[in-house]
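Notes follow the structure.
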Amino acid sequence: MMIKIMGWMLLLVAGPLLAKVNIEHWQTSKGSQVYFIAAPELPMVDIKVIFDAGSARDGKQFGIAALTSALLDTGAGIWNADQIAQRLESVGAALGSDVSYDMATVSLRSLTEPKLLESALETMQTVISKPRFADADFKRDLARTLAGLKQLEESPAAQADIAFTKALYGDHPYAHNSDGEMATVGKFKVADVKEFYRRHYVAANAMVVIVGALSKEQAEQTAEKLLANLPVGQKPAPLADVVMPSAAKRQDIEFPSTQTHVLVGLPGSYRQDPDYFTLYLGNHILGGSGLVSKLFNEIREKRGLAYSASSMFAPYLKPGPFEISLQTRNEKTAEAITVLNQTLADFINNGPTEAELTAAKQNITGGFAMRFDTNKELAGYAAMIGFYQLPLDYLDTFPQKIEQVTVAQIKDTFKKRVPLDLLQTVTVGQKIAAAPSAK
């Protein structure tokens, strides 16, 4: 019996992997963007309502976007948090909210049986359009946020991330932690949350993603229902451009830990970047492929300087960070940074080999379809495509774009986009005094 069930599940997965991803796109009557993917294999639907209301919209109130998002399901309409949870549990649905630098997202997973879905959608609609923001809920979540920020002060990894982001972005909206800072969050009033919600949770600033066993007509009705009670409003002003650092800089932060956390990088790529695929593939070879990457091989395998070493490009609406990271024993920090910089310089100057390029392409394209083999993952990709206004055939053409990248393109692009003389370096750990030289 188990063999039959597993075979049936494999067939469900294999179907979408072999087919193209057909993303349909339209606007609601209030002008909100909708992206729909029919997935009739299972009687379920994943829905995301996305707002341009991430932490980059905090202004000077660092953390207000995250707190607003966290409070949405603590009470809405006539229901408190427990009643909302009971409504969802009674129909087998799950609701969640999240904030990134660029966006705030409310997500729903539900069965598509009409009565169950109707109840789940009513709950989601109410959470989005009629949050209570009660004083007691606000004070509780504010205290929880402050406690979390206090814990970050005890984490060398968190302190490294915070300092590194500030080093890269200065006064840009990407420069602060999404959860905010003690000094700003501690001053919040419930009126601040209500005002942020009023300005940003509007139909003109909303996008709906639907993936599941619904017809297009049902998807249209669902999107209209979810946003029906939101005012039209308007989108916020475009984000400021990211300015590259003017010179290389190193910041060493003393911390009582046995390991030193090292971050090196600068502002890197963005979602509509014409160099995105070249940078993505090149980074896979440099430090994005785990155990077989150049950084891992030079720093961990050859010298044992760190348990791991990796690199990444994190593309946002504006250039997100290019980041190389490692953790090493305090006394090995100088050597590890030297090897890191030399490995990066060698890669930029010489590029990868043809063999490395071929292996990376096979690794990326061979497993690419598995990244969206569930409705939930597919909804995440559809949200990315919609929010960043990427081509609707992005998933279908991704392997082809990767295959077209050459060694020469990687070498030229990394020289242009990763200037070694502008790198920002942050270390957090305990400084070790140099041993006295022998006479």
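Simple scheme: letters A, B, ... for chains in structure tokens order, numbers from 1 for residues in each chain, numbers from 1 for ligands in the order shown.
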
**OP:** Give the alpha helix (DSSP H) residues of stretch 170-346 of chain A, as DSSP finds them on the backbone, and put them as a PyMOL selection string.
**Re:** chain A and resi 182-185+190-200+216-227+276-283+294-296+333-346

Go ahead and dump the residues you just picked, N, CA and C atoms, as a short mmCIF file (atom, residue, chain, number, x, y, z; two decimals), in the first residue's frame.
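Output file out.cif follows:
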data_model
loop_
_atom_site.label_atom_id
_atom_site.label_comp_id
_atom_site.auth_asym_id
_atom_site.auth_seq_id
_atom_site.Cartn_x
_atom_site.Cartn_y
_atom_site.Cartn_z
N MET A 182 16.34 49.09 19.18
CA MET A 182 15.78 49.36 20.51
C MET A 182 15.34 50.82 20.63
N ALA A 183 16.17 51.73 20.14
CA ALA A 183 15.91 53.16 20.32
C ALA A 183 14.65 53.61 19.58
N THR A 184 14.35 52.99 18.44
CA THR A 184 13.16 53.40 17.68
C THR A 184 11.92 52.63 18.12
N VAL A 185 12.04 51.31 18.25
CA VAL A 185 10.88 50.49 18.61
C VAL A 185 10.34 50.89 19.98
N VAL A 190 0.62 52.88 19.62
CA VAL A 190 -0.30 52.14 18.77
C VAL A 190 -0.76 53.01 17.59
N ALA A 191 -0.78 54.32 17.78
CA ALA A 191 -1.16 55.22 16.69
C ALA A 191 -0.18 55.15 15.53
N ASP A 192 1.09 54.86 15.83
CA ASP A 192 2.09 54.73 14.76
C ASP A 192 1.79 53.53 13.87
N VAL A 193 1.39 52.43 14.49
CA VAL A 193 1.04 51.23 13.73
C VAL A 193 -0.19 51.49 12.87
N LYS A 194 -1.19 52.11 13.45
CA LYS A 194 -2.42 52.39 12.70
C LYS A 194 -2.14 53.30 11.51
N GLU A 195 -1.24 54.27 11.69
CA GLU A 195 -0.93 55.19 10.60
C GLU A 195 -0.16 54.48 9.49
N PHE A 196 0.79 53.61 9.87
CA PHE A 196 1.53 52.86 8.84
C PHE A 196 0.57 51.96 8.06
N TYR A 197 -0.32 51.28 8.77
CA TYR A 197 -1.32 50.43 8.11
C TYR A 197 -2.19 51.26 7.17
N ARG A 198 -2.65 52.42 7.64
CA ARG A 198 -3.55 53.25 6.83
C ARG A 198 -2.91 53.66 5.51
N ARG A 199 -1.63 53.96 5.54
CA ARG A 199 -0.96 54.46 4.33
C ARG A 199 -0.57 53.33 3.38
N HIS A 200 -0.25 52.16 3.90
CA HIS A 200 0.36 51.13 3.05
C HIS A 200 -0.55 49.95 2.70
N LYS A 216 -10.04 30.00 -13.33
CA LYS A 216 -9.70 31.41 -13.42
C LYS A 216 -10.84 32.27 -12.88
N GLU A 217 -12.09 31.88 -13.16
CA GLU A 217 -13.23 32.63 -12.66
C GLU A 217 -13.24 32.65 -11.13
N GLN A 218 -12.96 31.49 -10.51
CA GLN A 218 -12.89 31.43 -9.05
C GLN A 218 -11.75 32.30 -8.52
N ALA A 219 -10.62 32.28 -9.23
CA ALA A 219 -9.48 33.09 -8.81
C ALA A 219 -9.81 34.58 -8.89
N GLU A 220 -10.52 34.97 -9.94
CA GLU A 220 -10.93 36.37 -10.07
C GLU A 220 -11.84 36.79 -8.92
N GLN A 221 -12.81 35.93 -8.60
CA GLN A 221 -13.73 36.22 -7.50
C GLN A 221 -12.98 36.28 -6.17
N THR A 222 -12.01 35.40 -5.98
CA THR A 222 -11.23 35.36 -4.74
C THR A 222 -10.44 36.64 -4.54
N ALA A 223 -9.76 37.08 -5.60
CA ALA A 223 -8.97 38.30 -5.50
C ALA A 223 -9.85 39.51 -5.21
N GLU A 224 -10.99 39.60 -5.88
CA GLU A 224 -11.91 40.72 -5.63
C GLU A 224 -12.41 40.70 -4.19
N LYS A 225 -12.75 39.51 -3.69
CA LYS A 225 -13.28 39.38 -2.33
C LYS A 225 -12.25 39.81 -1.29
N LEU A 226 -11.01 39.37 -1.47
CA LEU A 226 -9.98 39.63 -0.47
C LEU A 226 -9.69 41.12 -0.30
N LEU A 227 -9.78 41.87 -1.39
CA LEU A 227 -9.41 43.29 -1.34
C LEU A 227 -10.62 44.22 -1.35
N TYR A 276 22.10 39.72 -13.84
CA TYR A 276 21.71 38.82 -12.75
C TYR A 276 22.15 37.38 -12.98
N PHE A 277 21.87 36.84 -14.15
CA PHE A 277 22.17 35.43 -14.39
C PHE A 277 23.68 35.16 -14.41
N THR A 278 24.44 36.11 -14.92
CA THR A 278 25.90 35.97 -14.92
C THR A 278 26.43 36.00 -13.49
N LEU A 279 25.94 36.93 -12.69
CA LEU A 279 26.38 37.02 -11.30
C LEU A 279 25.93 35.80 -10.50
N TYR A 280 24.73 35.33 -10.76
CA TYR A 280 24.20 34.17 -10.06
C TYR A 280 25.05 32.93 -10.33
N LEU A 281 25.34 32.70 -11.59
CA LEU A 281 26.13 31.53 -11.95
C LEU A 281 27.56 31.65 -11.44
N GLY A 282 28.16 32.84 -11.60
CA GLY A 282 29.51 33.04 -11.11
C GLY A 282 29.60 32.84 -9.62
N ASN A 283 28.62 33.35 -8.88
CA ASN A 283 28.64 33.17 -7.43
C ASN A 283 28.47 31.72 -7.02
N LYS A 294 34.74 27.44 -4.55
CA LYS A 294 36.15 27.84 -4.42
C LYS A 294 36.46 28.33 -3.00
N LEU A 295 35.59 29.14 -2.43
CA LEU A 295 35.83 29.64 -1.09
C LEU A 295 35.90 28.52 -0.07
N PHE A 296 34.96 27.60 -0.15
CA PHE A 296 34.96 26.46 0.77
C PHE A 296 36.23 25.64 0.63
N THR A 333 41.71 34.72 12.51
CA THR A 333 40.94 35.71 11.76
C THR A 333 41.75 36.37 10.65
N ALA A 334 42.95 36.83 10.97
CA ALA A 334 43.78 37.53 9.98
C ALA A 334 44.09 36.63 8.79
N GLU A 335 44.45 35.38 9.07
CA GLU A 335 44.79 34.45 7.99
C GLU A 335 43.56 34.14 7.14
N ALA A 336 42.42 33.95 7.79
CA ALA A 336 41.19 33.62 7.05
C ALA A 336 40.79 34.76 6.12
N ILE A 337 40.90 36.00 6.60
CA ILE A 337 40.55 37.15 5.76
C ILE A 337 41.51 37.27 4.59
N THR A 338 42.78 37.00 4.83
CA THR A 338 43.77 37.06 3.75
C THR A 338 43.42 36.06 2.65
N VAL A 339 43.11 34.82 3.06
CA VAL A 339 42.76 33.78 2.07
C VAL A 339 41.45 34.14 1.37
N LEU A 340 40.48 34.67 2.11
CA LEU A 340 39.21 35.08 1.51
C LEU A 340 39.44 36.11 0.41
N ASN A 341 40.20 37.15 0.74
CA ASN A 341 40.44 38.22 -0.24
C ASN A 341 41.23 37.73 -1.44
N GLN A 342 42.19 36.85 -1.19
CA GLN A 342 42.99 36.34 -2.30
C GLN A 342 42.16 35.45 -3.22
N THR A 343 41.29 34.63 -2.63
CA THR A 343 40.43 33.76 -3.43
C THR A 343 39.47 34.58 -4.28
N LEU A 344 38.91 35.62 -3.69
CA LEU A 344 38.01 36.49 -4.44
C LEU A 344 38.76 37.21 -5.56
N ALA A 345 39.94 37.74 -5.26
CA ALA A 345 40.73 38.44 -6.27
C ALA A 345 41.11 37.51 -7.42
N ASP A 346 41.53 36.29 -7.10
CA ASP A 346 41.88 35.32 -8.14
C ASP A 346 40.68 35.02 -9.03
#

**OP:** Find the residues near stretch 128-133 of chain A: any atom within 7 Å, counting only C-alpha atoms, skip ones fewer than 3 places away on the same chain, and give them as a list in words.
**Re:**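 With the cut-off at 7 Å, the set is Leu71, Leu72, Gly75, Ala76, Gly77, Met124, Gln125, Asp137, Phe138, Asn229 and Leu230 of chain A.
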
Residues just named, written with N, CA and C atoms as a short mmCIF file (atom, residue, chain, number, x, y, z; two decimals), in the first residue's frame:
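Dumped to part.cif:
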data_model
loop_
_atom_site.label_atom_id
_atom_site.label_comp_id
_atom_site.auth_asym_id
_atom_site.auth_seq_id
_atom_site.Cartn_x
_atom_site.Cartn_y
_atom_site.Cartn_z
N LEU A 71 0.99 42.29 14.10
CA LEU A 71 -0.25 42.56 14.82
C LEU A 71 -1.51 42.26 14.02
N LEU A 72 -1.38 41.99 12.73
CA LEU A 72 -2.58 41.84 11.89
C LEU A 72 -3.53 40.76 12.40
N GLY A 75 -6.06 40.24 16.26
CA GLY A 75 -7.44 40.65 16.45
C GLY A 75 -7.92 41.38 15.22
N ALA A 76 -9.09 40.98 14.69
CA ALA A 76 -9.61 41.61 13.48
C ALA A 76 -11.13 41.48 13.47
N GLY A 77 -11.80 42.55 13.05
CA GLY A 77 -13.26 42.51 13.04
C GLY A 77 -13.80 42.25 14.43
N MET A 124 -9.27 35.65 6.19
CA MET A 124 -8.14 36.38 5.62
C MET A 124 -8.53 37.80 5.25
N GLN A 125 -9.69 37.94 4.63
CA GLN A 125 -10.17 39.27 4.24
C GLN A 125 -10.30 40.18 5.46
N ASP A 137 -2.87 44.06 22.77
CA ASP A 137 -2.10 43.29 21.78
C ASP A 137 -0.84 44.05 21.37
N PHE A 138 -0.98 45.36 21.20
CA PHE A 138 0.16 46.18 20.83
C PHE A 138 1.25 46.12 21.89
N ASN A 229 -12.72 45.36 0.78
CA ASN A 229 -12.91 46.36 1.84
C ASN A 229 -11.72 47.28 2.04
N LEU A 230 -10.72 47.17 1.18
CA LEU A 230 -9.58 48.07 1.28
C LEU A 230 -9.83 49.34 0.47
#

Original post:
So which one's closest to A:Met103, A:Glu118, A:Asp141, A:Glu331, A:Asp58? Using only C-alpha atoms, please.
Top reply: A:Asp58

Original post:
Hey, what's within 9 Å of A:Asp252 if we count only C-alpha atoms and toss same-chain stuff fewer than 6 positions away? As a list in words, please?
Top reply: Thr425, Val426, Thr427, Val428, Gly429 and Lys431 of chain A

Could you list, with a cut-off of 12 Å and counting only C-alpha atoms, the residues of stretch 158-191 of chain A near stretch 267-274 of chain A, each shown with its nearest atom pair and the distance in Å rounded to one decimal, rows sorted by chain and ascending number, as a Markdown table?
| residue | atom | partner | partner_atom | distance |
| --- | --- | --- | --- | --- |
| A:Phe164 | CA | A:Pro267 | CA | 10.7 |
| A:Thr165 | CA | A:Pro267 | CA | 9.3 |
| A:Lys166 | CA | A:Pro267 | CA | 11.1 |
| A:Ala167 | CA | A:Pro267 | CA | 9.9 |
| A:Leu168 | CA | A:Pro267 | CA | 6.2 |
| A:Tyr169 | CA | A:Pro267 | CA | 7.6 |
| A:Gly170 | CA | A:Pro267 | CA | 11.1 |
| A:His172 | CA | A:Pro267 | CA | 11.3 |
| A:Tyr174 | CA | A:Pro267 | CA | 10.3 |
| A:Ala175 | CA | A:Pro267 | CA | 10.9 |

**OP:** Return as number ranges by chain the full set of residues in stretch 158-394 of chain A whose backbone-based DSSP assignment is strand (DSSP E).
**Re:** A: 206-212, 249-254, 259-267, 309-313, 321-329

Export N, CA and C atoms of the chosen residues as a JSON list (two decimals), in the first residue's frame?
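Produced file result-v4.json, reproduced below:
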[["chain", "number", "residue", "atom", "x", "y", "z"],
["A", 206, "ALA", "N", -1.35, 46.78, -3.34],
["A", 206, "ALA", "CA", -1.52, 45.36, -3.07],
["A", 206, "ALA", "C", -1.38, 44.52, -4.34],
["A", 207, "MET", "N", -0.96, 43.28, -4.14],
["A", 207, "MET", "CA", -0.86, 42.30, -5.21],
["A", 207, "MET", "C", -1.34, 40.96, -4.66],
["A", 208, "VAL", "N", -2.06, 40.20, -5.47],
["A", 208, "VAL", "CA", -2.58, 38.91, -5.04],
["A", 208, "VAL", "C", -1.98, 37.81, -5.90],
["A", 209, "VAL", "N", -1.52, 36.75, -5.23],
["A", 209, "VAL", "CA", -1.00, 35.57, -5.92],
["A", 209, "VAL", "C", -1.85, 34.37, -5.50],
["A", 210, "ILE", "N", -2.32, 33.60, -6.47],
["A", 210, "ILE", "CA", -3.17, 32.45, -6.20],
["A", 210, "ILE", "C", -2.61, 31.25, -6.97],
["A", 211, "VAL", "N", -2.32, 30.18, -6.27],
["A", 211, "VAL", "CA", -1.83, 28.95, -6.89],
["A", 211, "VAL", "C", -2.62, 27.78, -6.30],
["A", 212, "GLY", "N", -3.34, 27.06, -7.17],
["A", 212, "GLY", "CA", -4.09, 25.93, -6.64],
["A", 212, "GLY", "C", -5.21, 25.48, -7.55],
["A", 249, "LYS", "N", 36.57, 49.72, 3.55],
["A", 249, "LYS", "CA", 36.62, 50.02, 4.97],
["A", 249, "LYS", "C", 36.52, 48.73, 5.76],
["A", 250, "ARG", "N", 37.24, 48.70, 6.90],
["A", 250, "ARG", "CA", 37.17, 47.53, 7.77],
["A", 250, "ARG", "C", 36.72, 47.98, 9.16],
["A", 251, "GLN", "N", 35.81, 47.21, 9.74],
["A", 251, "GLN", "CA", 35.31, 47.51, 11.08],
["A", 251, "GLN", "C", 35.45, 46.25, 11.94],
["A", 252, "ASP", "N", 36.22, 46.34, 13.02],
["A", 252, "ASP", "CA", 36.43, 45.21, 13.93],
["A", 252, "ASP", "C", 35.69, 45.49, 15.23],
["A", 253, "ILE", "N", 34.71, 44.63, 15.54],
["A", 253, "ILE", "CA", 33.88, 44.82, 16.73],
["A", 253, "ILE", "C", 34.27, 43.78, 17.77],
["A", 254, "GLU", "N", 34.66, 44.26, 18.94],
["A", 254, "GLU", "CA", 35.07, 43.36, 20.02],
["A", 254, "GLU", "C", 33.84, 42.65, 20.60],
["A", 259, "GLN", "N", 34.70, 32.34, 18.52],
["A", 259, "GLN", "CA", 34.74, 32.42, 17.07],
["A", 259, "GLN", "C", 34.56, 33.87, 16.63],
["A", 260, "THR", "N", 35.24, 34.22, 15.56],
["A", 260, "THR", "CA", 35.05, 35.54, 14.96],
["A", 260, "THR", "C", 34.20, 35.40, 13.70],
["A", 261, "HIS", "N", 33.16, 36.21, 13.61],
["A", 261, "HIS", "CA", 32.31, 36.22, 12.42],
["A", 261, "HIS", "C", 32.85, 37.27, 11.46],
["A", 262, "VAL", "N", 33.04, 36.87, 10.22],
["A", 262, "VAL", "CA", 33.62, 37.75, 9.20],
["A", 262, "VAL", "C", 32.64, 37.90, 8.06],
["A", 263, "LEU", "N", 32.36, 39.14, 7.68],
["A", 263, "LEU", "CA", 31.52, 39.44, 6.52],
["A", 263, "LEU", "C", 32.26, 40.42, 5.62],
["A", 264, "VAL", "N", 32.28, 40.11, 4.33],
["A", 264, "VAL", "CA", 32.96, 40.95, 3.35],
["A", 264, "VAL", "C", 32.03, 41.13, 2.15],
["A", 265, "GLY", "N", 31.91, 42.35, 1.64],
["A", 265, "GLY", "CA", 31.08, 42.53, 0.45],
["A", 265, "GLY", "C", 30.76, 43.98, 0.16],
["A", 266, "LEU", "N", 29.70, 44.17, -0.62],
["A", 266, "LEU", "CA", 29.23, 45.49, -1.01],
["A", 266, "LEU", "C", 27.86, 45.35, -1.67],
["A", 267, "PRO", "N", 27.15, 46.44, -1.94],
["A", 267, "PRO", "CA", 25.88, 46.31, -2.66],
["A", 267, "PRO", "C", 26.08, 45.59, -3.99],
["A", 309, "ALA", "N", 32.49, 28.41, 4.58],
["A", 309, "ALA", "CA", 32.72, 29.71, 3.95],
["A", 309, "ALA", "C", 31.85, 29.77, 2.71],
["A", 310, "SER", "N", 31.13, 30.85, 2.53],
["A", 310, "SER", "CA", 30.18, 30.92, 1.41],
["A", 310, "SER", "C", 30.01, 32.36, 0.96],
["A", 311, "SER", "N", 29.34, 32.52, -0.18],
["A", 311, "SER", "CA", 29.03, 33.84, -0.71],
["A", 311, "SER", "C", 27.64, 33.82, -1.32],
["A", 312, "MET", "N", 27.06, 34.99, -1.44],
["A", 312, "MET", "CA", 25.72, 35.08, -2.04],
["A", 312, "MET", "C", 25.46, 36.48, -2.56],
["A", 313, "PHE", "N", 24.57, 36.55, -3.56],
["A", 313, "PHE", "CA", 23.94, 37.79, -3.98],
["A", 313, "PHE", "C", 22.48, 37.71, -3.50],
["A", 321, "PRO", "N", 22.70, 42.97, -0.94],
["A", 321, "PRO", "CA", 24.11, 42.75, -0.64],
["A", 321, "PRO", "C", 24.74, 41.59, -1.41],
["A", 322, "PHE", "N", 25.99, 41.80, -1.83],
["A", 322, "PHE", "CA", 26.88, 40.70, -2.18],
["A", 322, "PHE", "C", 27.69, 40.45, -0.92],
["A", 323, "GLU", "N", 27.61, 39.23, -0.40],
["A", 323, "GLU", "CA", 28.17, 38.95, 0.92],
["A", 323, "GLU", "C", 28.97, 37.66, 0.92],
["A", 324, "ILE", "N", 30.21, 37.74, 1.42],
["A", 324, "ILE", "CA", 31.02, 36.56, 1.69],
["A", 324, "ILE", "C", 31.09, 36.42, 3.21],
["A", 325, "SER", "N", 30.82, 35.23, 3.72],
["A", 325, "SER", "CA", 30.78, 35.05, 5.16],
["A", 325, "SER", "C", 31.55, 33.81, 5.59],
["A", 326, "LEU", "N", 32.12, 33.89, 6.78],
["A", 326, "LEU", "CA", 32.78, 32.74, 7.41],
["A", 326, "LEU", "C", 32.86, 32.98, 8.91],
["A", 327, "GLN", "N", 33.06, 31.93, 9.65],
["A", 327, "GLN", "CA", 33.34, 32.00, 11.08],
["A", 327, "GLN", "C", 34.62, 31.22, 11.32],
["A", 328, "THR", "N", 35.53, 31.82, 12.07],
["A", 328, "THR", "CA", 36.83, 31.20, 12.29],
["A", 328, "THR", "C", 37.26, 31.41, 13.74],
["A", 329, "ARG", "N", 38.22, 30.62, 14.19],
["A", 329, "ARG", "CA", 38.77, 30.81, 15.52],
["A", 329, "ARG", "C", 39.40, 32.19, 15.61]]

Subject >> Interatomic distance, atom CA of A:Gly96 to atom CA of A:Arg109 (Å, one decimal) >> reply: 9.1 Å

Subject >> For A:Phe62, the nearest of the candidates A:Ser110, A:Asn177, A:Asn350, A:Thr123, counting only C-alpha atoms >> reply: A:Asn177

Original post:
Skipping near chain neighbours, those fewer than 5 positions away, what residues fall within 12 Å of A:Ala53 using only C-alpha atoms, listed as number ranges by chain?
Top reply: A: 58-59, 63-69, 98-106, 178, 196-202, 204-207, 235-239, 387

Original post:
Which of these residues is nearest to A:Gln404, using only C-alpha atoms: A:Arg57, A:Lys361, A:Arg300, A:His25?
Top reply: A:Lys361

Original post:
Any idea what the distance is between atom CA of A:Met244 and atom CA of A:Lys415?
Top reply: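 If I compute the distance from atom CA of A:Met244 to atom CA of A:Lys415, I get 15.0 Å.
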
Subject >> Distance query stretch 389-399 of chain A at most 8 Å, only C-alpha atoms, self and fewer than 5 positions along chain excluded, as a list of chain:residue names >> reply: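 Contacts, with the query itself left out: A:Lys20, A:Val21, A:Asn22, A:Ile23, A:Arg271, A:Gln272, A:Ile364, A:Thr365, A:Phe368, A:Met384.
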
Please produce an output containing N, CA and C atoms for each residue in the selection, written as an mmCIF file, in the first residue's frame.
data_model
loop_
_atom_site.group_PDB
_atom_site.id
_atom_site.type_symbol
_atom_site.label_atom_id
_atom_site.label_comp_id
_atom_site.auth_asym_id
_atom_site.auth_seq_id
_atom_site.Cartn_x
_atom_site.Cartn_y
_atom_site.Cartn_z
ATOM 1 N N LYS A 20 5.318 23.448 -18.595
ATOM 2 C CA LYS A 20 5.659 24.846 -18.403
ATOM 3 C C LYS A 20 4.750 25.447 -17.333
ATOM 4 N N VAL A 21 5.263 26.491 -16.695
ATOM 5 C CA VAL A 21 4.490 27.164 -15.664
ATOM 6 C C VAL A 21 3.696 28.285 -16.322
ATOM 7 N N ASN A 22 2.386 28.130 -16.356
ATOM 8 C CA ASN A 22 1.519 29.108 -17.016
ATOM 9 C C ASN A 22 1.003 30.092 -15.977
ATOM 10 N N ILE A 23 1.555 31.293 -15.968
ATOM 11 C CA ILE A 23 1.140 32.331 -15.028
ATOM 12 C C ILE A 23 0.197 33.288 -15.745
ATOM 13 N N ARG A 271 16.706 42.625 -8.705
ATOM 14 C CA ARG A 271 15.905 41.634 -9.419
ATOM 15 C C ARG A 271 15.843 41.859 -10.934
ATOM 16 N N GLN A 272 15.843 43.083 -11.390
ATOM 17 C CA GLN A 272 15.784 43.336 -12.831
ATOM 18 C C GLN A 272 17.173 43.587 -13.419
ATOM 19 N N ILE A 364 22.861 23.653 -11.395
ATOM 20 C CA ILE A 364 21.756 24.613 -11.260
ATOM 21 C C ILE A 364 20.539 24.177 -12.071
ATOM 22 N N THR A 365 20.749 23.879 -13.354
ATOM 23 C CA THR A 365 19.605 23.555 -14.216
ATOM 24 C C THR A 365 19.038 22.183 -13.905
ATOM 25 N N PHE A 368 16.747 22.701 -10.876
ATOM 26 C CA PHE A 368 15.968 23.924 -10.802
ATOM 27 C C PHE A 368 14.479 23.662 -10.606
ATOM 28 N N MET A 384 7.422 36.725 -6.309
ATOM 29 C CA MET A 384 8.654 37.404 -6.706
ATOM 30 C C MET A 384 8.523 37.969 -8.121
#

**OP:** Tell me which of A:Leu108, A:Ile402, A:Ala160, A:Val49 sits closest to A:Ala360, counting only C-alpha atoms.
**Re:** A:Ile402
